[in-house]
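First comes the structure, then the notes that go with it.
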2 protein chains.
Amino acid sequence: MRIAVIGAGHVGSALGRAWAWAGHVVMFGMQSPDGPQAHSFLEGMPSGAGVRATSVAGAAREAEVVVLAVPWDAVPAMLRECGDTLAGKVLIDVTNPLKPDFSGLEDDYHVSGAERVAGWVPGASVFKAFNQTGAENMADPAGYAAVAGGIRPVMFACGDDAVRKPDVLRLVEDAGFEAVDAGGLESARLLEPYGMLWIRLAHAQGLGRSFAFALLRRPNGQGGTSGS
Amino acid sequence: MRIAVIGAGHVGSALGRAWAWAGHVVMFGMQSPDGPQAHSFLEGMPSGAGVRATSVAGAAREAEVVVLAVPWDAVPAMLRECGDTLAGKVLIDVTNPLKPDFSGLEDDYHVSGAERVAGWVPGASVFKAFNQTGAENMADPAGYAAVAGGIRPVMFACGDDAVRKPDVLRLVEDAGFEAVDAGGLESARLLEPYGMLWIRLAHAQGLGRSFAFALLRRPNGQGGTSGS
């Protein structure tokens, strides 16, 4: 797939690198795609792979999938910069609507950030994913397999477009995670607090950043259907 | 410890049974503690253990720890029935503030159910825990160990009383889970959506009820400190 990654921070670069390794064409949308910073950034990417830097709107225009990997407060400006290029595209919202001091989610999170993004870009198919763990885990999700009997970190994705959802789940798998469909975009109301839980555990609660969420499954699907 | 379990449904009975096995005194608070239903309920409990049925207020009065294991909409009536017996007690809120059709959390969940409980019982030390998985998992959390390299299902607990929190975390461990402190009671704003995510995955998303959340940890705590 042709993927535009908007934002070349730790999260965006980890995801872009993984997708390049998996054979996708990755375009990083940057403010100064010809500058020395972009040049050195690209040198850190897999060589020979289809990775390049271009403008934000240029990346979005050429892509089938646009990944919004910027801080929450930069989202409106980035969407403005993309202009009408997002119509008909898959837009994966990787952000968490954090308070400026990262202490929690914005108070009005009964409407999720992802739903607000969808309201701002009505022509795009918005999904939420990759907001539920740290950048180190996105850079190396396979690092857990040895200690976990092959169990991979889980990454939930949600969105309303059932036709495009398999592509999004495949990108989650290509990034090294167990991909699980968490339902429609409204489920971002659950996945954003889940992302905030990771951040709070890692920092305020002192677990550090070397843990990831996962799912355990009973052998043979044992277990009844009673109660909740 | 002396534990009152208010509610003898699937969740309450699973927890009470586990704690009885672990050597705690468990009192089930029931509407008809001398009736035939209570009699047959107690026959299913570990024999010789310190398990009995009594009135709701009677159980709460004798306990150090009171576990609120009733549906969310029954909470106010149960708290009224406990009256002033809860002052100074640890109160573990196991509920999720679900909409009547279980489709989601109540719309105003930017204040958590646990914080609302704390407001209703200002004299108690309120904790949130055991709201994040299904009753089958509470009945048999060890059932995952064989397939997960010894990794147990995780259960987060949060609450503001740092002095009593170790007791709560120990009860989580005694119930068979990896206990993780998720911070102050405000973290229930994260743990309740997390519980709702389990319910949504199990039912609306078709995963079934034979999965549990867990944490993976990198060997030697590898992993950097960059980004988020």
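In the structure tokens, each chain is lettered A, B, ... as it comes, each chain's residues begin at 1, and ligands are numbered from 1 in order of appearance.
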Exercise for review: Return as a list of chain:residue names the residues belonging to chain B that are within 6 Å of chain A, counting only C-alpha atoms.
Suggested key: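 The answer, sorted by residue number, is B:His10, B:Gly134, B:Ala135, B:Tyr144, B:Ala148, B:Gly149, B:Leu190, B:Pro193, B:Ser210, B:Phe211, B:Ala212, B:Phe213, B:Ala214, B:Leu215, B:Leu216, B:Arg217, B:Arg218, B:Gly221, B:Gly223, B:Gly227, B:Ser228.
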Writing out the chosen residues with all heavy atoms as a compact mmCIF listing (two decimals), in the first residue's frame:
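Result file out.txt:
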# COMPACT_ATOMS: atom_id res chain seq x y z
N HIS B 10 -22.34 -14.41 39.65
CA HIS B 10 -21.16 -15.12 39.13
C HIS B 10 -19.86 -14.49 39.60
O HIS B 10 -18.91 -15.18 39.95
CB HIS B 10 -21.20 -15.14 37.60
CG HIS B 10 -22.35 -15.91 37.05
ND1 HIS B 10 -22.44 -17.27 37.15
CD2 HIS B 10 -23.46 -15.50 36.40
CE1 HIS B 10 -23.56 -17.68 36.57
NE2 HIS B 10 -24.20 -16.63 36.11
N GLY B 134 -14.25 -11.09 32.66
CA GLY B 134 -15.47 -11.82 32.86
C GLY B 134 -15.44 -12.71 34.10
O GLY B 134 -14.37 -13.01 34.64
N ALA B 135 -16.60 -13.12 34.52
CA ALA B 135 -16.72 -13.95 35.72
C ALA B 135 -15.98 -15.28 35.58
O ALA B 135 -15.42 -15.79 36.55
CB ALA B 135 -18.19 -14.21 36.05
N TYR B 144 -5.10 -19.86 32.22
CA TYR B 144 -4.33 -19.31 31.11
C TYR B 144 -2.84 -19.62 31.20
O TYR B 144 -2.12 -19.50 30.21
CB TYR B 144 -4.50 -17.79 31.05
CG TYR B 144 -5.88 -17.35 30.65
CD1 TYR B 144 -6.83 -17.04 31.61
CD2 TYR B 144 -6.22 -17.24 29.32
CE1 TYR B 144 -8.11 -16.63 31.26
CE2 TYR B 144 -7.49 -16.84 28.94
CZ TYR B 144 -8.43 -16.54 29.92
OH TYR B 144 -9.68 -16.14 29.55
N ALA B 148 0.42 -19.51 28.26
CA ALA B 148 1.01 -18.16 28.22
C ALA B 148 2.35 -18.10 28.92
O ALA B 148 2.76 -17.06 29.41
CB ALA B 148 0.04 -17.17 28.85
N GLY B 149 3.05 -19.24 28.98
CA GLY B 149 4.37 -19.23 29.58
C GLY B 149 4.35 -18.71 31.01
O GLY B 149 5.29 -18.06 31.45
N LEU B 190 -10.18 5.40 33.62
CA LEU B 190 -9.51 4.59 32.61
C LEU B 190 -9.90 3.12 32.74
O LEU B 190 -10.04 2.42 31.74
CB LEU B 190 -7.99 4.75 32.73
CG LEU B 190 -7.47 6.19 32.78
CD1 LEU B 190 -5.95 6.21 32.92
CD2 LEU B 190 -7.91 6.99 31.56
N PRO B 193 -13.66 2.22 31.23
CA PRO B 193 -13.65 1.96 29.77
C PRO B 193 -12.91 0.67 29.42
O PRO B 193 -13.29 -0.02 28.46
CB PRO B 193 -12.91 3.19 29.21
CG PRO B 193 -13.12 4.26 30.22
CD PRO B 193 -13.16 3.56 31.56
N SER B 210 -13.52 -16.27 26.49
CA SER B 210 -12.35 -17.06 26.91
C SER B 210 -11.04 -16.35 26.61
O SER B 210 -10.09 -16.94 26.13
CB SER B 210 -12.39 -18.42 26.22
OG SER B 210 -13.55 -19.14 26.59
N PHE B 211 -11.00 -15.06 26.87
CA PHE B 211 -9.75 -14.31 26.74
C PHE B 211 -9.62 -13.39 27.95
O PHE B 211 -10.61 -13.10 28.63
CB PHE B 211 -9.71 -13.50 25.44
CG PHE B 211 -10.55 -12.26 25.48
CD1 PHE B 211 -10.01 -11.03 25.84
CD2 PHE B 211 -11.90 -12.31 25.19
CE1 PHE B 211 -10.79 -9.89 25.91
CE2 PHE B 211 -12.70 -11.18 25.25
CZ PHE B 211 -12.14 -9.96 25.62
N ALA B 212 -8.40 -12.98 28.19
CA ALA B 212 -8.14 -12.08 29.32
C ALA B 212 -7.05 -11.10 28.92
O ALA B 212 -6.18 -11.40 28.10
CB ALA B 212 -7.72 -12.87 30.55
N PHE B 213 -7.06 -9.95 29.54
CA PHE B 213 -6.01 -8.96 29.34
C PHE B 213 -4.78 -9.36 30.17
O PHE B 213 -4.91 -9.92 31.26
CB PHE B 213 -6.48 -7.58 29.81
CG PHE B 213 -7.60 -6.99 28.98
CD1 PHE B 213 -8.71 -6.45 29.59
CD2 PHE B 213 -7.53 -6.96 27.59
CE1 PHE B 213 -9.75 -5.88 28.85
CE2 PHE B 213 -8.56 -6.40 26.83
CZ PHE B 213 -9.67 -5.86 27.47
N ALA B 214 -3.62 -9.04 29.65
CA ALA B 214 -2.38 -9.33 30.38
C ALA B 214 -1.34 -8.27 30.04
O ALA B 214 -1.52 -7.46 29.12
CB ALA B 214 -1.85 -10.71 29.99
N LEU B 215 -0.28 -8.26 30.79
CA LEU B 215 0.88 -7.42 30.50
C LEU B 215 2.04 -8.29 30.07
O LEU B 215 2.31 -9.32 30.68
CB LEU B 215 1.32 -6.62 31.74
CG LEU B 215 0.38 -5.56 32.31
CD1 LEU B 215 1.14 -4.74 33.36
CD2 LEU B 215 -0.16 -4.65 31.22
N LEU B 216 2.72 -7.86 29.03
CA LEU B 216 4.00 -8.47 28.67
C LEU B 216 5.11 -7.51 29.13
O LEU B 216 4.94 -6.30 29.11
CB LEU B 216 4.11 -8.65 27.16
CG LEU B 216 2.99 -9.44 26.46
CD1 LEU B 216 3.29 -9.55 24.97
CD2 LEU B 216 2.82 -10.82 27.08
N ARG B 217 6.23 -8.10 29.56
CA ARG B 217 7.37 -7.27 29.98
C ARG B 217 8.60 -7.71 29.21
O ARG B 217 8.84 -8.90 29.03
CB ARG B 217 7.61 -7.42 31.49
CG ARG B 217 6.50 -6.80 32.31
CD ARG B 217 6.59 -7.24 33.77
NE ARG B 217 5.33 -7.07 34.47
CZ ARG B 217 4.99 -5.97 35.14
NH1 ARG B 217 5.83 -4.96 35.21
NH2 ARG B 217 3.82 -5.90 35.75
N ARG B 218 9.39 -6.74 28.79
CA ARG B 218 10.61 -7.05 28.07
C ARG B 218 11.63 -7.67 29.01
O ARG B 218 11.72 -7.26 30.16
CB ARG B 218 11.22 -5.76 27.50
CG ARG B 218 10.93 -5.56 26.06
CD ARG B 218 11.60 -4.31 25.56
NE ARG B 218 10.68 -3.56 24.73
CZ ARG B 218 10.43 -3.86 23.45
NH1 ARG B 218 11.04 -4.85 22.87
NH2 ARG B 218 9.57 -3.16 22.76
N GLY B 221 14.04 -5.45 31.27
CA GLY B 221 13.54 -4.08 31.15
C GLY B 221 14.14 -3.31 30.00
O GLY B 221 14.29 -2.10 30.07
N GLY B 223 14.50 -1.39 26.47
CA GLY B 223 13.61 -0.40 25.88
C GLY B 223 13.99 0.98 26.36
O GLY B 223 14.39 1.16 27.50
N GLY B 227 10.04 9.34 23.38
CA GLY B 227 8.73 9.42 22.72
C GLY B 227 7.58 8.96 23.58
O GLY B 227 7.70 8.76 24.78
N SER B 228 6.43 8.86 22.95
CA SER B 228 5.30 8.28 23.62
C SER B 228 4.40 7.64 22.60
O SER B 228 3.29 7.28 22.90
CB SER B 228 4.55 9.33 24.43
OG SER B 228 3.94 10.26 23.56
Check your understanding: Which residues come within 12 Å of Ala59 in chain A, counting only C-alpha atoms, excluding same-chain residues fewer than 3 positions away, as a count of residues only?
Key -> 34
Check your understanding: Which distance in Å separates CA of Glu178 in chain A and CA of Ser112 in chain A, to one decimal?
Key -> 23.1 Å
Exercise for review: Could you jot down the CA of Phe102 in chain A to CA of Ala179 in chain B separation for me, Å, one decimal place?
Suggested key: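 Separation between CA of Phe102 in chain A and CA of Ala179 in chain B: 24.2 Å.
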Review point. Using the chain letters and numbers from this document, which residues of range 67-218 of chain A does DSSP assign to helix (DSSP H, G or I), as a PyMOL selection string?
Key: chain A and resi 72-86+113-120+135-139+141-147+165-174+185-202
Check your understanding: To one decimal place, how far is CA of Ala8 in chain A from CA of Ala129 in chain A in Å?
Key ->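 If I compute the distance from CA of Ala8 in chain A to CA of Ala129 in chain A, I get 17.0 Å.
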